[in-house]
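Data block below; observations after.
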Amino acid sequence: MQKITFEKRAVAFIDVLGFKSTVDHATKDSNNLAELEKLIELLSKAVPSLNGTVDANVPVDLIPKHIYISDCIILSAPLTSEKTVTYKGLSILVMRVIQLTHILLSNGYLIRGGISVGDVWQTESNIIGTAYQEAYSIENKIIVPCVSLSNSAIDYWNKTEGSGNRMCIDYKNLFMVNGLHDYYTHECDFEEYVRIVNLNIDGDYPESVRYKWWWFKQYIECEVKNNQFIISS
């Protein structure tokens with residue numbers, strides 16, 4: 001039996017919204033089956049593709065580990081490193097969540113999740129620990145499409161990054177990952193995202209689904225204003 005050794009890590013549990021509906025429709029229609037296959041391929045390749053862009057000089061153990069199960073992606077990274085004193089694991093994890101936000105949104109999907117910090121043991125196929133349990137619990141409790149930080153993660157973020165780093169923001173009483181951070185988002189991206197959001201708001205979906213897209217549209221409008229962009233609605 002493999003020995004369990006806990007270490008202090010940042011953990012993100014991310015769920016792709018709309019997956020259940022996609023699966024339900026895929027069992028009845030070949031066109032929807034093709035959509036499901038496309039989503040599965042996207043999820044399976046997203047993190048490995050991002051890992052491939054990391055500088056070769058970065059130690060492998062500092063690149064976030066990931067597990068992909070069904071519609072969920074679980075990420076974790078060590079909080080600190082003796083090899084690189086400037087390394088900030090929570091910030092790296094947040095950056096990866098921002099990147100995934102863009103990949104999935106550009107393909108028409110919103111994500112929801114939680115981030116926590118604490119004791120974790122992770123292998124290629126399993127993850128155990130209080131931080132993982134807390135991140136999972138957050139995702140199960142929130143309704144809106146965002147990745148929210150636990151109290152422990154907020155405290156750690158404030159100590160290591162402070163209020164000046166807008167990769168995480170306080171929005172509508174949620175301290176969450178700023179998936180539309182201006183370093184990763186350009187004016188043309190916002191134009192496309194508004195188009196995708198409007199299509200889903202006007203789509204033939206249950207009110208609960210349309211509400212999530214409406215909430216995200218408000219968030220987009222807030223970030224457009226913060227960045228002083230001008231886009232067509």
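Just so we're on the same page: first chain in the structure tokens is A, next is B, and so on; residues restart at 1 for each chain, and ligands are numbered from 1 in the order they show up.
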
8 Å contact set for Glu192 of chain A, only C-alpha atoms, chain neighbours under 4 positions out, as a CSV table (one decimal) with N, CA and C atoms, in the first residue's frame:
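Saved result, around-v9.csv, follows:
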chain,number,residue,atom,x,y,z
A,106,SER,N,-14.7,30.1,-23.9
A,106,SER,CA,-14.6,30.3,-25.4
A,106,SER,C,-15.3,29.1,-26.1
A,188,CYS,N,-11.2,42.1,-27.5
A,188,CYS,CA,-11.9,41.3,-28.5
A,188,CYS,C,-12.4,40.0,-27.8
A,196,ILE,N,-21.4,34.9,-26.7
A,196,ILE,CA,-21.7,33.6,-26.1
A,196,ILE,C,-22.8,33.7,-25.0

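Within 12 Å of Thr84 of chain A, once only C-alpha atoms are used and residues closer than 2 positions along the same chain are dropped, the contacting residues are Asn57, Val58, Pro59, Asp61, Leu62, Pro78, Leu79, Thr80, Ser81, Glu82, Thr86, Tyr87, Lys88 and Gly89 of chain A.
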
At most 12 Å is the cut-off: for each residue in segment 207-233 of chain A with any atom that close to an atom of segment 153-175 of chain A, write down the nearest atom pair and the distance in Å rounded to one decimal, counting only C-alpha atoms, chain first then increasing number, as a Markdown table.
| residue | atom | partner | partner_atom | distance |
| --- | --- | --- | --- | --- |
| A:Trp215 | CA | A:Lys172 | CA | 10.1 |
| A:Phe216 | CA | A:Tyr171 | CA | 11.3 |
| A:Gln218 | CA | A:Lys172 | CA | 10.4 |
| A:Tyr219 | CA | A:Tyr171 | CA | 8.2 |
| A:Ile220 | CA | A:Tyr171 | CA | 11.5 |
| A:Cys222 | CA | A:Tyr171 | CA | 9.4 |
| A:Glu223 | CA | A:Tyr171 | CA | 10.5 |
| A:Asn226 | CA | A:Arg166 | CA | 10.8 |
| A:Asn227 | CA | A:Arg166 | CA | 11.7 |

Give me a file of those residues, with C-alpha atoms, as a short mmCIF file (atom, residue, chain, number, x, y, z; two decimals), in the first residue's frame.
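And here is the file that came out, part-v1.cif:
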data_model
loop_
_atom_site.label_atom_id
_atom_site.label_comp_id
_atom_site.auth_asym_id
_atom_site.auth_seq_id
_atom_site.Cartn_x
_atom_site.Cartn_y
_atom_site.Cartn_z
CA TRP A 215 -25.03 36.60 -13.51
CA PHE A 216 -21.92 36.05 -15.58
CA GLN A 218 -23.13 41.22 -15.05
CA TYR A 219 -19.65 40.13 -14.06
CA ILE A 220 -18.38 40.70 -17.61
CA CYS A 222 -18.20 44.96 -14.33
CA GLU A 223 -14.79 43.92 -15.67
CA ASN A 226 -12.91 48.31 -14.67
CA ASN A 227 -10.72 47.95 -17.77
#

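Counting only C-alpha atoms and comparing A:Lys65, A:His102, A:Lys3, A:Arg210, the residue that lies closest to Asn51 of chain A is A:Lys65.
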
DSSP on the backbone, alpha helix (DSSP H) only: what residues of segment 43-202 of chain A does that give? Format it as a ChimeraX atom specification.
/A:43-51,89-105,130-141,151-160,187-201

Selection to disk with C-alpha atoms, as a tab-separated table (two decimals), in the first residue's frame:
chain	number	residue	atom	x	y	z
A	43	LEU	CA	-11.48	18.54	-20.66
A	44	SER	CA	-8.94	15.76	-21.11
A	45	LYS	CA	-6.52	17.97	-23.02
A	46	ALA	CA	-6.97	21.36	-21.31
A	47	VAL	CA	-4.56	21.00	-18.39
A	48	PRO	CA	-1.90	18.94	-20.24
A	49	SER	CA	-1.89	21.60	-22.97
A	50	LEU	CA	-1.37	24.34	-20.39
A	51	ASN	CA	1.38	22.32	-18.74
A	89	GLY	CA	1.51	28.01	-5.04
A	90	LEU	CA	-1.89	29.58	-4.44
A	91	SER	CA	-1.20	32.25	-7.05
A	92	ILE	CA	-0.09	29.61	-9.54
A	93	LEU	CA	-3.29	27.66	-8.91
A	94	VAL	CA	-5.43	30.78	-9.35
A	95	MET	CA	-3.63	31.52	-12.63
A	96	ARG	CA	-4.43	28.02	-13.88
A	97	VAL	CA	-8.11	28.45	-12.97
A	98	ILE	CA	-8.19	31.72	-14.94
A	99	GLN	CA	-6.72	29.94	-17.94
A	100	LEU	CA	-9.33	27.18	-17.68
A	101	THR	CA	-12.09	29.80	-17.39
A	102	HIS	CA	-11.06	31.15	-20.79
A	103	ILE	CA	-10.69	27.78	-22.46
A	104	LEU	CA	-14.12	26.60	-21.39
A	105	LEU	CA	-15.94	29.92	-21.83
A	130	THR	CA	-8.96	18.56	4.38
A	131	ALA	CA	-8.20	21.18	1.72
A	132	TYR	CA	-9.71	18.98	-1.00
A	133	GLN	CA	-12.80	18.31	1.12
A	134	GLU	CA	-13.28	22.03	1.73
A	135	ALA	CA	-12.82	22.95	-1.94
A	136	TYR	CA	-15.37	20.28	-2.91
A	137	SER	CA	-17.79	21.54	-0.27
A	138	ILE	CA	-17.57	25.12	-1.58
A	139	GLU	CA	-18.45	24.00	-5.11
A	140	ASN	CA	-21.49	22.16	-3.79
A	141	LYS	CA	-22.77	25.19	-1.89
A	151	ASN	CA	-11.68	31.44	4.48
A	152	SER	CA	-8.30	29.75	4.87
A	153	ALA	CA	-7.45	30.49	1.23
A	154	ILE	CA	-8.59	34.12	1.60
A	155	ASP	CA	-6.37	34.57	4.66
A	156	TYR	CA	-3.42	33.04	2.83
A	157	TRP	CA	-4.06	35.14	-0.27
A	158	ASN	CA	-4.18	38.35	1.75
A	159	LYS	CA	-0.90	37.47	3.47
A	160	THR	CA	0.96	36.58	0.28
A	187	GLU	CA	-11.09	43.65	-25.64
A	188	CYS	CA	-11.86	41.26	-28.51
A	189	ASP	CA	-12.26	38.42	-25.99
A	190	PHE	CA	-14.95	40.35	-24.15
A	191	GLU	CA	-16.81	40.92	-27.43
A	192	GLU	CA	-16.89	37.17	-28.08
A	193	TYR	CA	-17.80	36.32	-24.50
A	194	VAL	CA	-20.75	38.72	-24.53
A	195	ARG	CA	-21.95	37.07	-27.74
A	196	ILE	CA	-21.74	33.61	-26.14
A	197	VAL	CA	-23.46	34.78	-22.96
A	198	ASN	CA	-26.32	36.47	-24.84
A	199	LEU	CA	-26.94	33.34	-26.91
A	200	ASN	CA	-27.36	31.33	-23.71
A	201	ILE	CA	-29.49	33.95	-21.96

Which residues are close to Leu36 of chain A, i.e. within 7 Å by only C-alpha atoms, leaving aside same-chain residues fewer than 4 positions away? Reply as a PyMOL selection string.
chain A and resi 22-23+26+32+40

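Nearest-residue note for Lys225 of chain A: choosing from A:Arg112, A:Tyr68, A:Ser125, A:Asp182, the minimum distance belongs to A:Asp182, counting only C-alpha atoms.
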
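Rounded to one decimal, atom CA of Val224 of chain A and atom CA of Ser148 of chain A lie 20.6 Å from each other.
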
As a ChimeraX atom specification, please: every residue in segment 105-212 of chain A that a backbone DSSP assignment puts in strand (DSSP E).
/A:111-122,127-128,147-149,168-171,174-177

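Atom pair atom CA of Ser116 of chain A / atom CA of Ile14 of chain A: separated by 11.9 Å.
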
Close residues, Ser76 of chain A itself excluded, 6 Å, only C-alpha atoms, min 6 positions apart in chain, as a PyMOL selection string:
chain A and resi 10-11+64-65

I'd like the contact shell of Phe19 of chain A - 9 Å cut-off, only C-alpha atoms, skipping same-chain residues fewer than 3 positions apart - returned as a tab-separated table (two decimals) with N, CA and C atoms, in the first residue's frame.
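So selection_12.tsv came out as:
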chain	number	residue	atom	x	y	z
A	15	ASP	N	-16.01	22.40	-11.47
A	15	ASP	CA	-17.09	21.67	-12.12
A	15	ASP	C	-17.52	22.43	-13.37
A	16	VAL	N	-17.75	21.72	-14.47
A	16	VAL	CA	-18.22	22.33	-15.71
A	16	VAL	C	-19.75	22.33	-15.70
A	22	THR	N	-25.83	17.96	-21.16
A	22	THR	CA	-25.17	17.50	-22.38
A	22	THR	C	-25.18	15.98	-22.46
A	23	VAL	N	-24.91	15.33	-21.32
A	23	VAL	CA	-24.92	13.87	-21.28
A	23	VAL	C	-26.33	13.34	-21.53
A	24	ASP	N	-27.34	13.94	-20.90
A	24	ASP	CA	-28.72	13.50	-21.08
A	24	ASP	C	-29.13	13.56	-22.55
A	36	LEU	N	-20.87	16.16	-26.83
A	36	LEU	CA	-20.32	15.56	-25.62
A	36	LEU	C	-18.89	15.08	-25.86
A	39	LEU	N	-16.57	17.99	-25.80
A	39	LEU	CA	-16.34	18.48	-24.45
A	39	LEU	C	-15.39	17.56	-23.68
A	70	SER	N	-14.95	12.78	-15.14
A	70	SER	CA	-16.25	13.19	-15.68
A	70	SER	C	-16.23	14.67	-16.06
A	71	ASP	N	-17.00	15.51	-15.37
A	71	ASP	CA	-17.04	16.94	-15.69
A	71	ASP	C	-16.23	17.77	-14.69
A	109	TYR	N	-18.93	27.16	-22.22
A	109	TYR	CA	-19.21	26.56	-20.91
A	109	TYR	C	-18.74	27.46	-19.78

Who sits within 7 Å of His66 of chain A, only C-alpha atoms, same chain under 4 positions skipped, as a PDB file with C-alpha atoms, in the first residue's frame:
ATOM      1  CA  ILE A  73     -11.041  18.979 -12.820  1.00  0.00           C
ATOM      2  CA  ILE A  74      -9.138  18.825  -9.536  1.00  0.00           C
ATOM      3  CA  LEU A  75      -5.900  20.794  -9.250  1.00  0.00           C
ATOM      4  CA  SER A  76      -3.377  21.155  -6.461  1.00  0.00           C
TER       5      SER A  76
END
